[in-house]
$ cat target_37.pdb   # PDB, C-alpha atoms
ATOM      1  CA  MET A   1     138.165 144.609  39.382
ATOM      2  CA  VAL A   2     138.789 143.252  35.885
ATOM      3  CA  ILE A   3     141.793 140.986  35.362
ATOM      4  CA  THR A   4     143.154 141.552  31.868
ATOM      5  CA  LYS A   5     145.366 139.095  30.020
ATOM      6  CA  LYS A   6     147.446 140.632  27.209
ATOM      7  CA  LEU A   7     148.005 138.749  23.953
ATOM      8  CA  THR A   8     149.521 139.581  20.585
ATOM      9  CA  ILE A   9     147.856 137.801  17.696
ATOM     10  CA  ASP A  10     149.279 137.908  14.182
ATOM     11  CA  LEU A  11     146.718 137.340  11.447
ATOM     12  CA  VAL A  12     149.394 136.121   8.990
ATOM     13  CA  ASN A  13     152.052 134.405  11.134
ATOM     14  CA  ARG A  14     149.942 132.379  13.559
ATOM     15  CA  THR A  15     151.682 131.114  16.676
ATOM     16  CA  VAL A  16     150.498 129.004  19.591
ATOM     17  CA  GLN A  17     149.034 131.299  22.229
ATOM     18  CA  GLU A  18     149.132 130.709  25.952
ATOM     19  CA  PRO A  19     145.522 130.201  27.092
ATOM     20  CA  ILE A  20     143.751 132.696  29.283
ATOM     21  CA  HIS A  21     143.185 130.996  32.651
ATOM     22  CA  THR A  22     139.862 131.647  34.375
ATOM     23  CA  VAL A  23     137.560 129.983  36.887
ATOM     24  CA  GLN A  24     134.104 128.612  36.126
ATOM     25  CA  CYS A  25     131.252 131.041  36.875
ATOM     26  CA  ASP A  26     133.383 134.188  37.113
ATOM     27  CA  ALA A  27     131.266 137.110  35.948
ATOM     28  CA  ASN A  28     132.579 140.217  34.186
ATOM     29  CA  THR A  29     135.950 140.007  35.937
ATOM     30  CA  ARG A  30     138.079 138.616  33.092
ATOM     31  CA  ALA A  31     139.161 140.424  29.958
ATOM     32  CA  VAL A  32     141.615 139.946  27.142
ATOM     33  CA  ALA A  33     143.559 142.808  25.522
ATOM     34  CA  VAL A  34     144.608 141.650  22.070
ATOM     35  CA  THR A  35     147.257 143.504  20.102
ATOM     36  CA  LEU A  36     146.472 142.819  16.447
ATOM     37  CA  THR A  37     149.182 142.446  13.831
ATOM     38  CA  ALA A  38     149.544 141.132  10.271
ATOM     39  CA  ALA A  39     153.050 139.835   9.449
ATOM     40  CA  GLY A  40     154.376 141.790  12.424
ATOM     41  CA  VAL A  41     152.844 145.094  11.306
ATOM     42  CA  PRO A  42     150.091 146.619  13.460
ATOM     43  CA  TRP A  43     146.651 145.771  12.023
ATOM     44  CA  ASP A  44     144.117 148.530  12.541
ATOM     45  CA  PRO A  45     140.501 147.615  11.856
ATOM     46  CA  PRO A  46     138.945 149.534   8.972
ATOM     47  CA  GLU A  47     136.947 152.678   9.718
ATOM     48  CA  GLY A  48     133.409 151.767  10.834
ATOM     49  CA  ALA A  49     134.272 148.144  11.732
ATOM     50  CA  CYS A  50     132.805 146.759  14.925
ATOM     51  CA  ALA A  51     134.297 144.081  17.194
ATOM     52  CA  SER A  52     132.518 141.220  18.936
ATOM     53  CA  VAL A  53     133.425 137.919  20.600
ATOM     54  CA  ALA A  54     132.420 134.459  19.372
ATOM     55  CA  PHE A  55     132.976 131.334  21.482
ATOM     56  CA  LEU A  56     132.546 127.569  21.514
ATOM     57  CA  LYS A  57     132.449 125.889  24.935
ATOM     58  CA  PRO A  58     133.497 122.304  25.725
ATOM     59  CA  ASP A  59     129.840 121.386  26.375
ATOM     60  CA  GLY A  60     129.091 122.159  22.706
ATOM     61  CA  ASN A  61     127.223 125.420  23.342
ATOM     62  CA  LYS A  62     128.367 128.507  21.496
ATOM     63  CA  GLY A  63     127.599 132.181  21.337
ATOM     64  CA  TRP A  64     128.446 135.532  19.838
ATOM     65  CA  TYR A  65     128.169 138.850  21.661
ATOM     66  CA  ASP A  66     129.141 142.496  21.541
ATOM     67  CA  GLN A  67     127.369 143.501  24.760
ATOM     68  CA  LEU A  68     127.408 142.112  28.286
ATOM     69  CA  PRO A  69     124.174 141.006  30.000
ATOM     70  CA  ASP A  70     123.858 144.409  31.690
ATOM     71  CA  GLY A  71     123.992 146.169  28.285
ATOM     72  CA  LYS A  72     127.550 147.477  28.592
ATOM     73  CA  ILE A  73     129.818 147.290  25.548
ATOM     74  CA  ALA A  74     131.903 144.086  25.643
ATOM     75  CA  CYS A  75     134.662 145.115  23.184
ATOM     76  CA  THR A  76     136.572 148.362  22.888
ATOM     77  CA  VAL A  77     139.033 149.187  20.119
ATOM     78  CA  ALA A  78     141.956 151.600  20.448
ATOM     79  CA  GLY A  79     144.177 151.535  17.363
ATOM     80  CA  ASN A  80     145.295 147.930  16.922
ATOM     81  CA  VAL A  81     144.365 146.830  20.467
ATOM     82  CA  VAL A  82     140.983 145.258  21.199
ATOM     83  CA  THR A  83     139.948 144.736  24.804
ATOM     84  CA  ALA A  84     137.111 142.276  25.317
ATOM     85  CA  ILE A  85     135.431 141.368  28.589
ATOM     86  CA  LEU A  86     134.589 137.678  28.782
ATOM     87  CA  ALA A  87     130.823 137.411  29.275
ATOM     88  CA  PRO A  88     129.591 135.146  32.105
ATOM     89  CA  GLU A  89     128.185 132.632  29.585
ATOM     90  CA  VAL A  90     131.718 132.022  28.226
ATOM     91  CA  LEU A  91     132.795 130.717  31.638
ATOM     92  CA  THR A  92     129.950 128.354  32.580
ATOM     93  CA  ALA A  93     131.515 125.055  31.440
ATOM     94  CA  PRO A  94     134.932 123.889  32.657
ATOM     95  CA  GLY A  95     137.469 122.979  29.994
ATOM     96  CA  GLN A  96     138.921 124.639  26.924
ATOM     97  CA  VAL A  97     136.815 127.359  25.303
ATOM     98  CA  LYS A  98     137.681 128.378  21.745
ATOM     99  CA  ALA A  99     137.111 132.105  21.347
ATOM    100  CA  CYS A 100     137.834 134.801  18.812
ATOM    101  CA  ILE A 101     137.560 138.506  18.218
ATOM    102  CA  VAL A 102     135.406 138.997  15.121
ATOM    103  CA  PHE A 103     135.415 142.206  13.078
ATOM    104  CA  GLN A 104     132.472 143.121  10.880
ATOM    105  CA  ASP A 105     132.073 146.037   8.508
ATOM    106  CA  ALA A 106     129.098 148.417   8.488
ATOM    107  CA  ASP A 107     127.118 145.886   6.377
ATOM    108  CA  LEU A 108     127.856 143.139   8.974
ATOM    109  CA  ASN A 109     130.227 141.279   6.640
ATOM    110  CA  GLN A 110     132.872 139.414   8.613
ATOM    111  CA  ILE A 111     136.206 140.951   7.647
ATOM    112  CA  SER A 112     138.695 139.410  10.093
ATOM    113  CA  THR A 113     138.934 136.977  13.011
ATOM    114  CA  PHE A 114     141.601 136.651  15.701
ATOM    115  CA  GLY A 115     141.349 133.433  17.752
ATOM    116  CA  PHE A 116     142.468 132.559  21.281
ATOM    117  CA  THR A 117     141.802 129.913  23.943
ATOM    118  CA  VAL A 118     140.256 130.302  27.378
ATOM    119  CA  GLN A 119     141.025 127.547  29.902
ATOM    120  CA  VAL A 120     138.123 127.444  32.380
ATOM    121  CA  GLU A 121     139.051 125.684  35.617
ATOM    122  CA  PRO A 122     136.261 123.874  37.502
ATOM    123  CA  ASN A 123     134.750 125.801  40.391
ATOM    124  CA  PRO A 124     133.873 123.441  43.271
ATOM    125  CA  ALA A 125     131.075 125.793  44.345
ATOM    126  CA  ALA A 126     129.428 125.995  40.901
ATOM    127  CA  GLY A 127     125.817 124.841  41.031
ATOM    128  CA  LYS A 128     126.031 123.630  44.624
ATOM    129  CA  VAL A 129     123.857 124.520  47.581
ATOM    130  CA  ILE A 130     125.776 126.133  50.406
ATOM    131  CA  SER A 131     126.327 123.673  53.243
ATOM    132  CA  ASN A 132     124.114 124.149  56.285
ATOM    133  CA  SER A 133     126.788 122.880  58.652
ATOM    134  CA  TYR A 134     128.143 126.405  59.167
ATOM    135  CA  TYR A 135     125.085 128.040  60.761
ATOM    136  CA  LYS A 136     125.528 130.117  63.886
ATOM    137  CA  TYR A 137     124.729 128.348  67.152
ATOM    138  CA  SER A 138     121.739 130.629  67.876
ATOM    139  CA  THR A 139     120.221 129.706  64.514
ATOM    140  CA  MET A 140     120.642 126.001  65.267
ATOM    141  CA  GLU A 141     118.909 126.468  68.643
ATOM    142  CA  ALA A 142     115.914 127.973  66.812
ATOM    143  CA  VAL A 143     115.913 125.067  64.326
ATOM    144  CA  ASP A 144     116.082 122.541  67.192
ATOM    145  CA  ALA A 145     113.153 124.259  68.972
ATOM    146  CA  ALA A 146     111.083 124.235  65.772
ATOM    147  CA  MET A 147     111.860 120.527  65.218
ATOM    148  CA  GLU A 148     110.827 119.699  68.795
ATOM    149  CA  ALA A 149     107.545 121.631  68.378
ATOM    150  CA  LEU A 150     106.863 119.762  65.120
ATOM    151  CA  GLU A 151     107.566 116.383  66.719
ATOM    152  CA  ASN A 152     105.191 117.249  69.628
ATOM    153  CA  ALA A 153     102.479 118.306  67.167
ATOM    154  CA  ILE A 154     102.845 115.020  65.251
ATOM    155  CA  ALA A 155     102.686 113.019  68.496
ATOM    156  CA  ASN A 156      99.487 114.875  69.531
ATOM    157  CA  LEU A 157      97.911 114.201  66.136
ATOM    158  CA  LYS A 158      98.721 110.502  66.427
ATOM    159  CA  LYS A 159      97.161 110.431  69.918
ATOM    160  CA  ASP A 160      93.941 112.058  68.719
ATOM    161  CA  LYS A 161      93.523 110.060  65.497
ATOM    162  CA  PRO A 162      90.145 108.469  64.689
ATOM    163  CA  SER A 163      89.671 104.909  65.909
ATOM    164  CA  LYS A 164      88.377 103.670  62.552
ATOM    165  CA  ARG A 165      89.923 104.114  59.193
ATOM    166  CA  ILE A 166      87.547 105.319  56.506
ATOM    167  CA  ASN A 167      88.320 104.275  52.925
TER     168      ASN A 167
END
$ encode --input "target_37.pdb" --output "structure tokens"
Amino acid sequence: MVITKKLTIDLVNRTVQEPIHTVQCDANTRAVAVTLTAAGVPWDPPEGACASVAFLKPDGNKGWYDQLPDGKIACTVAGNVVTAILAPEVLTAPGQVKACIVFQDADLNQISTFGFTVQVEPNPAAGKVISNSYYKYSTMEAVDAAMEALENAIANLKKDKPSKRIN
């Protein structure tokens, strides 16, 4: 399931946009559908132009992509609407991510940019090891038995240790 936030961005009459709210470490589940206008008139990208996404994260890292990690196309264009899936890398650092849709012509000249903000909320589970306090009882019995066997083996080794220490 992809959750898509819809925005209208005017290239001439810029207004403050509501940020796109996401959660840290979401992967390929967030998209933005941007309706492009210039002074209120629909802005269609020129023939042959390609769309990509550029971003700057609050940790100072930035990137630019037109494909997702699995090779799928990240941005689709239909008339004056661009739909871009937010790549996983965009959502790794909590805070405000500055992002934009960038259009380039066939010679890779940048011809237009439409900016927006992504607010990445911290994910309490990001980068954490899953707690072991939720194991099934039968698993804990096996762990307890293994611990007891290890303790017995250590005790036997201590009993049978050499009487002299060799340096």
$ resolve_selection --input "target_37.pdb" --expression "the PyMOL selection byres ((chain A and resi 54) around 9)" --output "PyMOL selection string"
chain A and resi 52-53+55-56+62-66+98-102
$ closest_residue --input "target_37.pdb" --among "A:Gln110, A:Thr35, A:Thr117, A:Asn61" --to "A:Ala78" --atoms "all atoms listed in the file"
A:Thr35
$ closest_residue --input "target_37.pdb" --among "A:Ala146, A:Asp70, A:Val90, A:Thr113" --to "A:Arg14" --atoms "all atoms listed in the file"
A:Thr113
$ resolve_selection --input "target_37.pdb" --expression "the PyMOL selection byres ((chain A and resi 20-27) around 8)" --output "PyMOL selection string"
chain A and resi 5+18-19+28-30+32+86-88+91-94+117-123+126
$ residues_around --input "target_37.pdb" --residues "A:Ile73" --least-positions-apart "6" --cutoff "9 Å" --atoms "all atoms listed in the file" --output "list in words"
Asp66, Gln67, Ala84 and Ile85 of chain A
